[in-house]
file target.txt (compact mmCIF, C-alpha atoms)
# COMPACT_ATOMS: atom_id res chain seq x y z
CA MET A 240 0.00 0.00 0.00
CA THR A 241 1.42 3.40 -0.97
CA ASN A 242 1.90 6.15 1.61
CA GLU A 243 -0.66 8.32 -0.20
CA VAL A 244 -3.34 5.62 -0.02
CA PHE A 245 -2.48 4.85 3.61
CA ASP A 246 -2.71 8.52 4.64
CA ASN A 247 -6.21 8.77 3.14
CA LEU A 248 -7.52 5.88 5.23
CA SER A 249 -9.53 6.41 8.42
CA ARG A 250 -7.68 5.89 11.72
CA ALA A 251 -9.46 2.58 12.21
CA ALA A 252 -8.49 1.37 8.71
CA GLN A 253 -4.85 2.45 9.23
CA GLU A 254 -4.60 0.59 12.52
CA GLN A 255 -6.31 -2.47 11.04
CA PHE A 256 -3.77 -2.59 8.20
CA LEU A 257 -0.84 -2.29 10.62
CA ILE A 258 -2.22 -4.94 12.99
CA GLN A 259 -2.85 -7.34 10.10
CA GLU A 260 0.82 -7.18 9.22
CA GLU A 261 1.78 -7.68 12.87
CA ILE A 262 -0.52 -10.71 13.18
CA LEU A 263 1.08 -12.31 10.14
CA LYS A 264 4.50 -11.77 11.73
CA GLY A 265 3.36 -13.57 14.89
CA LYS A 266 3.53 -10.53 17.18
CA TYR A 267 0.32 -11.45 19.05
CA GLY A 268 0.83 -15.22 19.30
CA GLU A 269 -0.03 -18.36 17.42
CA PRO A 270 -3.23 -19.09 15.47
CA GLY A 271 -6.03 -20.14 17.81
CA GLU A 272 -4.77 -18.09 20.77
CA VAL A 273 -6.88 -15.40 22.44
CA PHE A 274 -6.39 -11.85 21.12
CA MET A 275 -6.68 -8.74 23.28
CA THR A 276 -9.95 -7.16 24.41
CA THR A 277 -11.49 -4.02 22.92
CA ARG A 278 -10.38 -1.91 25.88
CA ALA A 279 -6.84 -3.33 25.83
CA LEU A 280 -6.57 -2.58 22.10
CA ALA A 281 -7.83 0.98 22.67
CA GLU A 282 -5.14 1.56 25.31
CA LEU A 283 -2.37 -0.05 23.25
CA ARG A 284 -3.11 1.92 20.05
CA GLN A 285 -4.27 5.06 21.88
CA VAL A 286 -7.67 5.17 20.19
CA SER A 287 -11.23 5.39 21.49
CA VAL A 288 -13.14 2.24 22.49
CA VAL A 289 -15.47 2.81 19.51
CA THR A 290 -12.51 2.95 17.11
CA ALA A 291 -10.99 -0.15 18.72
CA HIS A 292 -14.32 -1.96 18.25
CA ASN A 293 -14.34 -0.98 14.55
CA ILE A 294 -10.77 -2.24 14.18
CA LEU A 295 -11.67 -5.61 15.69
CA ASN A 296 -14.74 -5.91 13.45
CA GLY A 297 -12.56 -5.18 10.43
CA LEU A 298 -9.99 -7.79 11.47
CA CYS A 299 -12.79 -10.36 11.84
CA SER A 300 -14.27 -9.51 8.44
CA ALA A 301 -10.83 -9.79 6.85
CA GLY A 302 -10.29 -13.21 8.42
CA TYR A 303 -7.46 -12.34 10.83
CA LEU A 304 -9.58 -12.79 13.96
CA GLU A 305 -12.60 -14.86 14.94
CA LEU A 306 -15.15 -13.74 17.53
CA ARG A 307 -16.48 -16.59 19.64
CA GLY A 308 -18.69 -15.62 22.52
CA LYS A 309 -17.12 -12.45 23.89
CA LYS A 310 -13.49 -13.26 23.03
CA TYR A 311 -11.45 -12.66 19.89
CA TYR A 312 -9.13 -15.41 18.65
CA LEU A 313 -6.27 -15.31 16.14
CA SER A 314 -7.39 -17.12 12.99
CA HIS A 315 -5.93 -20.49 12.11
CA SER A 316 -2.86 -20.63 9.88
CA GLN A 317 -4.76 -22.33 7.05
CA LEU A 318 -6.98 -19.25 6.79
CA MET A 319 -3.98 -16.92 6.68
CA GLU A 320 -2.35 -18.97 3.92
CA ALA A 321 -5.57 -19.00 1.92
CA ARG A 322 -6.48 -15.32 2.32
CA ASN A 323 -5.71 -14.56 -1.34
CA ASN A 324 -7.30 -17.75 -2.64
CA ARG A 325 -10.82 -18.20 -1.30
CA THR A 326 -11.67 -21.47 -3.06
CA ASN A 327 -11.76 -23.29 0.29
CA ILE A 328 -13.35 -20.48 2.31
CA ILE A 329 -17.03 -20.36 3.32
CA GLY A 330 -18.78 -17.19 4.48
CA LEU A 331 -21.13 -17.38 7.49
CA LEU A 332 -23.63 -14.61 8.31
CA VAL A 333 -25.03 -14.51 11.84
CA PRO A 334 -27.12 -11.86 13.62
CA HIS A 335 -24.91 -11.54 16.70
CA LEU A 336 -21.93 -13.46 18.10
CA ASN A 337 -22.42 -12.24 21.67
CA ASN A 338 -25.54 -14.41 21.71
CA GLU A 339 -24.82 -17.82 23.28
CA PHE A 340 -26.93 -19.72 20.77
CA PHE A 341 -25.37 -18.17 17.66
CA SER A 342 -21.91 -18.55 19.19
CA SER A 343 -22.53 -22.30 19.69
CA LEU A 344 -23.98 -22.66 16.20
CA THR A 345 -20.98 -20.84 14.71
CA ASP A 346 -18.55 -23.14 16.54
CA ALA A 347 -20.44 -26.19 15.24
CA VAL A 348 -20.37 -24.93 11.63
CA ILE A 349 -16.64 -24.13 11.86
CA HIS A 350 -15.91 -27.58 13.31
CA VAL A 351 -17.77 -29.46 10.54
CA ALA A 352 -16.34 -27.24 7.79
CA ARG A 353 -12.76 -27.83 8.93
CA GLN A 354 -13.36 -31.57 8.94
CA ARG A 355 -14.24 -31.18 5.25
CA GLY A 356 -11.15 -29.06 4.50
CA TYR A 357 -12.84 -25.63 4.54
CA GLU A 358 -12.30 -22.54 6.66
CA VAL A 359 -15.09 -20.15 7.69
CA LEU A 360 -15.22 -16.35 7.58
CA VAL A 361 -17.80 -15.17 10.12
CA ALA A 362 -19.62 -11.84 9.78
CA ALA A 363 -22.22 -10.47 12.24
CA THR A 364 -25.04 -8.18 11.09
CA SER A 365 -26.20 -6.91 14.52
CA TYR A 366 -29.79 -7.44 13.30
CA SER A 367 -29.33 -4.58 10.81
CA PRO A 368 -30.63 -5.03 7.22
CA GLN A 369 -28.08 -2.46 6.03
CA GLU A 370 -25.24 -4.35 7.73
CA GLU A 371 -26.46 -7.66 6.31
CA LYS A 372 -26.29 -6.29 2.79
CA LYS A 373 -22.87 -4.78 3.44
CA VAL A 374 -21.24 -7.96 4.81
CA PHE A 375 -22.92 -10.11 2.16
CA GLN A 376 -21.34 -7.99 -0.57
CA LEU A 377 -18.02 -8.14 1.30
CA LEU A 378 -18.07 -11.95 1.28
CA LEU A 379 -18.77 -11.96 -2.45
CA HIS A 380 -15.93 -9.48 -2.98
CA LEU A 381 -13.60 -11.89 -1.12
CA ASN A 382 -14.56 -14.64 -3.61
CA VAL A 383 -15.75 -17.13 -1.00
CA ALA A 384 -16.78 -20.53 -2.33
CA GLY A 385 -20.21 -20.37 -0.71
CA ILE A 386 -22.30 -18.60 1.92
CA ILE A 387 -24.36 -19.80 4.89
CA ASN A 388 -26.95 -17.33 6.14
CA CYS A 389 -28.31 -17.61 9.71
CA VAL A 390 -29.96 -14.17 9.54
CA SER A 391 -33.72 -13.75 9.32
CA THR A 392 -33.52 -11.70 6.13
CA PRO A 393 -36.06 -8.87 5.71
CA ARG A 394 -38.01 -8.51 2.49
CA GLU A 395 -35.88 -5.63 1.18
CA ASN A 396 -32.74 -7.83 1.18
CA ARG A 397 -34.14 -10.92 -0.52
CA SER A 398 -33.01 -9.78 -3.96
CA ILE A 399 -29.34 -10.17 -2.98
CA TYR A 400 -29.94 -13.89 -2.40
CA ARG A 401 -32.01 -14.37 -5.54
CA GLY A 402 -29.12 -12.96 -7.56
CA CYS A 403 -26.35 -14.59 -5.52
CA THR A 404 -23.49 -15.75 -7.77
CA VAL A 405 -22.15 -18.39 -5.35
CA PRO A 406 -23.91 -21.35 -3.67
CA CYS A 407 -25.91 -20.30 -0.61
CA VAL A 408 -27.67 -22.29 2.12
CA LEU A 409 -30.07 -20.78 4.65
CA LEU A 410 -29.69 -22.00 8.22
CA GLY A 411 -32.67 -21.64 10.54
CA HIS A 412 -35.08 -20.09 8.02
CA SER A 413 -36.18 -20.01 4.39
CA LEU A 414 -36.89 -17.18 1.94
CA ASP A 415 -39.95 -17.11 -0.29
CA GLY A 416 -39.02 -16.66 -3.93
CA CYS A 417 -35.36 -17.55 -3.34
CA LYS A 418 -34.43 -20.95 -4.70
CA LYS A 419 -31.98 -21.76 -1.90
CA SER A 420 -31.74 -24.92 0.18
CA SER A 421 -32.42 -24.46 3.88
CA VAL A 422 -31.92 -26.32 7.13
CA GLN A 423 -34.56 -25.41 9.68
CA VAL A 424 -35.82 -26.40 13.08
CA ASN A 425 -39.39 -27.68 13.04
CA SER A 426 -40.45 -24.79 15.26
CA PHE A 427 -44.13 -25.14 14.37
CA ALA A 428 -44.43 -28.74 15.57
CA VAL A 429 -42.41 -28.23 18.75
CA SER A 430 -44.43 -25.10 19.61
CA GLN A 431 -47.58 -27.18 19.33
CA LYS A 432 -45.91 -29.65 21.68
CA VAL A 433 -45.27 -26.80 24.15
CA ALA A 434 -48.98 -25.91 24.10
CA ARG A 435 -49.99 -29.54 24.65
CA HIS A 436 -47.55 -29.84 27.54
CA LEU A 437 -48.96 -26.77 29.31
CA LEU A 438 -52.51 -28.03 28.75
CA GLU A 439 -51.61 -31.46 30.13
CA GLU A 440 -50.11 -29.80 33.21
CA GLY A 441 -53.48 -28.17 33.89
CA TYR A 442 -52.97 -24.53 32.88
CA LYS A 443 -56.17 -22.83 31.69
CA GLU A 444 -54.82 -19.36 30.85
CA PHE A 445 -51.90 -18.57 28.54
CA LEU A 446 -49.42 -15.92 27.46
CA TYR A 447 -47.02 -15.75 24.52
CA ILE A 448 -43.99 -13.49 24.91
CA GLY A 449 -42.32 -12.82 21.55
CA THR A 450 -39.31 -10.75 20.55
CA LYS A 451 -39.28 -7.30 18.98
CA ASN A 452 -36.71 -8.60 16.47
CA ARG A 453 -39.41 -10.65 14.69
CA SER A 454 -42.97 -9.75 13.75
CA LEU A 455 -45.71 -12.09 14.97
CA GLU A 456 -46.84 -12.76 11.39
CA ASN A 457 -43.38 -14.22 10.72
CA ASP A 458 -43.08 -15.99 14.08
CA ILE A 459 -43.64 -19.72 13.51
CA ARG A 460 -43.34 -20.41 17.25
CA PHE A 461 -46.27 -18.11 17.96
CA THR A 462 -48.31 -19.60 15.10
CA GLY A 463 -47.84 -23.19 16.26
CA PHE A 464 -48.55 -22.34 19.90
CA GLN A 465 -51.64 -20.30 19.08
CA MET A 466 -53.06 -22.90 16.68
CA GLU A 467 -52.71 -25.79 19.13
CA LEU A 468 -54.41 -23.79 21.88
CA LYS A 469 -57.25 -22.87 19.51
CA GLN A 470 -57.77 -26.51 18.55
CA ASN A 471 -58.21 -27.23 22.26
CA GLY A 472 -60.74 -24.44 22.79
CA PHE A 473 -58.45 -21.66 24.06
CA VAL A 474 -58.14 -18.31 22.27
CA LEU A 475 -54.84 -16.43 22.59
CA GLY A 476 -55.99 -12.83 22.17
CA PRO A 477 -53.87 -9.70 21.57
CA GLU A 478 -53.96 -8.87 25.29
CA ASN A 479 -52.13 -12.15 25.96
CA THR A 480 -49.53 -11.71 23.24
CA LEU A 481 -46.52 -9.46 23.94
CA GLN A 482 -43.31 -8.54 22.15
CA VAL A 483 -40.41 -7.45 24.33
CA SER A 484 -36.70 -6.72 24.27
CA THR A 485 -34.38 -8.22 26.87
CA GLU A 486 -32.17 -5.16 26.49
CA SER A 487 -34.78 -2.84 28.00
CA ARG A 488 -36.00 -3.07 31.60
CA ALA A 489 -38.92 -0.86 30.50
CA ASP A 490 -40.54 -3.95 28.96
CA ASP A 491 -40.70 -5.55 32.41
CA GLY A 492 -43.75 -3.36 32.94
CA LEU A 493 -45.55 -4.93 29.96
CA ILE A 494 -44.99 -8.41 31.36
CA LEU A 495 -45.93 -7.31 34.86
CA ARG A 496 -49.28 -5.90 33.76
CA ALA A 497 -50.03 -8.99 31.68
CA LEU A 498 -49.37 -11.29 34.64
CA GLU A 499 -51.40 -9.13 37.02
CA SER A 500 -54.46 -9.58 34.78
CA HIS A 501 -54.49 -13.33 35.50
CA SER A 502 -55.89 -14.62 38.80
CA ARG A 503 -55.49 -18.31 37.87
CA PRO A 504 -52.25 -20.17 37.02
CA VAL A 505 -51.04 -19.05 33.60
CA GLY A 506 -48.83 -20.97 31.16
CA VAL A 507 -46.27 -18.77 29.40
CA PHE A 508 -44.32 -19.63 26.24
CA CYS A 509 -41.31 -17.37 25.60
CA TYR A 510 -39.62 -16.90 22.23
CA HIS A 511 -36.22 -17.67 23.80
CA ASP A 512 -34.61 -18.44 27.16
CA LEU A 513 -33.43 -14.89 27.82
CA ILE A 514 -37.04 -13.69 27.71
CA ALA A 515 -37.91 -16.58 30.04
CA ALA A 516 -35.23 -15.34 32.47
CA GLN A 517 -36.88 -11.92 32.24
CA MET A 518 -40.16 -13.61 33.24
CA TYR A 519 -38.50 -15.04 36.37
CA ARG A 520 -37.41 -11.54 37.39
CA VAL A 521 -40.91 -10.11 36.97
CA CYS A 522 -42.49 -13.05 38.82
CA LYS A 523 -40.17 -12.36 41.75
CA MET A 524 -41.20 -8.69 41.72
CA LEU A 525 -44.89 -9.71 41.87
CA GLY A 526 -44.44 -12.51 44.36
CA LYS A 527 -45.69 -15.02 41.80
CA ARG A 528 -44.58 -18.61 42.30
CA ILE A 529 -43.12 -20.75 39.51
CA PRO A 530 -44.77 -23.06 38.44
CA GLU A 531 -47.72 -22.80 40.88
CA ASP A 532 -48.82 -19.35 39.64
CA VAL A 533 -46.85 -19.04 36.40
CA GLY A 534 -45.59 -21.93 34.28
CA ILE A 535 -42.73 -20.90 31.99
CA VAL A 536 -41.32 -22.52 28.84
CA GLY A 537 -38.37 -21.10 26.89
CA PHE A 538 -36.56 -21.91 23.65
CA ASP A 539 -32.84 -22.59 22.88
CA ASP A 540 -31.74 -24.44 26.07
CA LEU A 541 -29.04 -21.90 26.87
CA SER A 542 -26.82 -22.36 29.93
CA VAL A 543 -29.12 -20.03 31.89
CA ALA A 544 -31.92 -22.62 31.64
CA THR A 545 -30.45 -24.93 34.29
CA SER A 546 -29.12 -22.13 36.50
CA LEU A 547 -32.57 -20.61 37.02
CA SER A 548 -34.59 -21.69 40.04
CA PRO A 549 -36.61 -23.73 39.36
CA PRO A 550 -34.82 -25.05 36.24
CA LEU A 551 -36.43 -23.92 32.99
CA THR A 552 -38.44 -26.13 30.64
CA THR A 553 -37.18 -25.30 27.16
CA VAL A 554 -36.71 -26.42 23.56
CA GLN A 555 -33.32 -27.91 22.77
CA TYR A 556 -31.76 -27.69 19.30
CA ARG A 557 -29.78 -30.48 17.69
CA ILE A 558 -27.04 -28.03 16.75
CA ALA A 559 -24.49 -30.61 15.58
CA SER A 560 -27.04 -32.17 13.19
CA MET A 561 -27.99 -28.74 11.83
CA ALA A 562 -24.36 -27.80 11.19
CA ASP A 563 -23.58 -31.14 9.54
CA MET A 564 -26.57 -30.98 7.18
CA THR A 565 -25.88 -27.33 6.29
CA ILE A 566 -22.26 -27.96 5.34
CA LYS A 567 -23.24 -31.06 3.35
CA LEU A 568 -25.83 -29.11 1.35
CA LEU A 569 -23.44 -26.23 0.69
CA LEU A 570 -20.56 -28.46 -0.44
CA ASP A 571 -22.93 -30.45 -2.67
CA SER A 572 -23.91 -27.16 -4.35
CA ILE A 573 -20.28 -26.03 -4.62
CA HIS A 574 -19.20 -29.27 -6.29
CA SER A 575 -22.39 -29.70 -8.36
CA PRO A 576 -23.94 -26.29 -9.18
CA ASN A 577 -27.08 -27.90 -10.64
CA THR A 578 -27.98 -29.65 -7.38
CA PRO A 579 -31.73 -29.06 -6.78
CA TYR A 580 -32.66 -27.02 -3.72
CA ASP A 581 -34.85 -28.28 -0.90
CA ASN A 582 -35.92 -27.48 2.67
CA TYR A 583 -34.72 -29.85 5.39
CA TYR A 584 -36.14 -29.92 8.92
CA VAL A 585 -34.42 -31.00 12.13
CA GLU A 586 -36.68 -32.08 14.98
CA PRO A 587 -35.81 -30.35 18.29
CA ASN A 588 -36.47 -31.75 21.77
CA LEU A 589 -38.77 -30.36 24.45
CA VAL A 590 -36.80 -30.69 27.70
CA ILE A 591 -39.31 -30.65 30.56
CA ARG A 592 -38.06 -29.27 33.87
CA LYS A 593 -39.77 -27.90 37.00
CA SER A 594 -40.67 -24.42 35.68
CA SER A 595 -43.77 -25.80 33.93
CA SER A 596 -44.67 -28.79 36.11
CA LEU A 597 -47.90 -27.55 37.71
CA SER A 598 -49.06 -31.13 38.26
CA GLY A 599 -46.00 -31.92 40.38
CA GLY A 600 -43.90 -33.77 37.80
CA LYS A 601 -40.14 -33.45 37.37

call {"tool": "encode", "arguments": {"input": "target.txt", "output": "structure tokens"}}
result
Amino acid sequence: MTNEVFDNLSRAAQEQFLIQEEILKGKYGEPGEVFMTTRALAELRQVSVVTAHNILNGLCSAGYLELRGKKYYLSHSQLMEARNNRTNIIGLLVPHLNNEFFSSLTDAVIHVARQRGYEVLVAATSYSPQEEKKVFQLLLHLNVAGIINCVSTPRENRSIYRGCTVPCVLLGHSLDGCKKSSVQVNSFAVSQKVARHLLEEGYKEFLYIGTKNRSLENDIRFTGFQMELKQNGFVLGPENTLQVSTESRADDGLILRALESHSRPVGVFCYHDLIAAQMYRVCKMLGKRIPEDVGIVGFDDLSVATSLSPPLTTVQYRIASMADMTIKLLLDSIHSPNTPYDNYYVEPNLVIRKSSSLSGGK
């Protein structure tokens, strides 16, 4: 890079370029070792925390670092050697790597891909449609062999997948009008199973707590839960259907008011385990007992599920099976471009614990 080009770069881009060269020289350790934190990088390079965060994101996008959980790791040597030849590199789009579920799913995909001789470039979209489009174009620019998308793509971004020039597999969802293979969890069937479980336990009133990141019309978990209740004579009205954010304590008030409106034991199905943990907090505020007053079921089986008291009933993914099928489909498409697309479903498990056992079960 010439001095003139370098001088015209932003501070973050300049530091990223310099650090890339230092990583290749082994200054920060061997591939696979933990890299420094955002704050440590800010202090070392004398930049703001925001700039340091941008530098780390750039290093991840370029393949020099990998973000797993909340830690950054130096990329493996095979990735460094292949950085100018992306024929054995797969791109992976995820909403957020600070999320335990997506971190576990990413690790599983990387593990299976490496067994097949491929490395994985991971890019997070932070639930932003603009960022999804940006990182998708970046992966294409890097000439990756294929792309796996774990992001629930909004309508305005579907055209980028319809016109995708490399094989692409959707993990966890499908896209209408996009002829792409997908690997999905049978969320509809397992959500019906959640409703049947709560009914069998003796609950007569129900709540569904969704997420603000997904509209109810596109929420298969809500649809399956609602339909099963309706078939058993229970109507889940708008007053018993909420959408909340775990990042805002203000939404505790919505849950609190919904629970206060029920005098009898109420069965609650939460879109994911973090919302379920939020339910525990509100129940404690109200003096509501779990499961005697409120039965709670989550989704994802995160580590928090067994640390809550009582332990949380939740839906457990078969993550290893999902990763294995996704990589198989993508490599089939890479090696045989005319491979027909299809949707594949993995059956999850409903793990019943004490949070929903009104009848005195487990």

call {"tool": "closest_residue", "arguments": {"input": "target.txt", "among": "A:Ser484, A:Thr552, A:Ser420, A:Thr462", "to": "Tyr580 (chain A)", "atoms": "only C-alpha atoms"}}
result
A:Ser420

call {"tool": "residues_around", "arguments": {"input": "target.txt", "residues": "His501 (chain A)", "least_positions_apart": "6", "cutoff": "12 Å", "atoms": "only C-alpha atoms", "output": "ChimeraX atom specification"}}
result
/A:442-446,478-479,494-495,507,527,532-533

call {"tool": "closest_residue", "arguments": {"input": "target.txt", "among": "A:Leu331, A:Ala362, A:Ile558, A:Val390", "to": "Asn452 (chain A)", "atoms": "all atoms listed in the file"}}
result
A:Val390

call {"tool": "atom_distance", "arguments": {"input": "target.txt", "atom1": "CA of Lys419 (chain A)", "atom2": "CA of Gly356 (chain A)"}}
result
23.0 Å

call {"tool": "residues_around", "arguments": {"input": "target.txt", "residues": "Gln431 (chain A)", "least_positions_apart": "5", "cutoff": "9 Å", "atoms": "all atoms listed in the file", "output": "ChimeraX atom specification"}}
result
/A:426,436,460,462-468

call {"tool": "residues_around", "arguments": {"input": "target.txt", "residues": "Phe340 (chain A)", "least_positions_apart": "3", "cutoff": "7 Å", "atoms": "all atoms listed in the file", "output": "ChimeraX atom specification"}}
result
/A:343-344,539,541

call {"tool": "closest_residue", "arguments": {"input": "target.txt", "among": "A:Thr345, A:Thr565, A:Asn382, A:Ser542", "to": "Gln423 (chain A)", "atoms": "only C-alpha atoms"}}
result
A:Thr565

call {"tool": "closest_residue", "arguments": {"input": "target.txt", "among": "A:Glu339, A:Glu254, A:Glu499, A:Glu440", "to": "Arg284 (chain A)", "atoms": "all atoms listed in the file"}}
result
A:Glu254

call {"tool": "residues_around", "arguments": {"input": "target.txt", "residues": "Ser548 (chain A)", "least_positions_apart": "3", "cutoff": "8 Å", "atoms": "all atoms listed in the file", "output": "PyMOL selection string"}}
result
chain A and resi 545+551+594
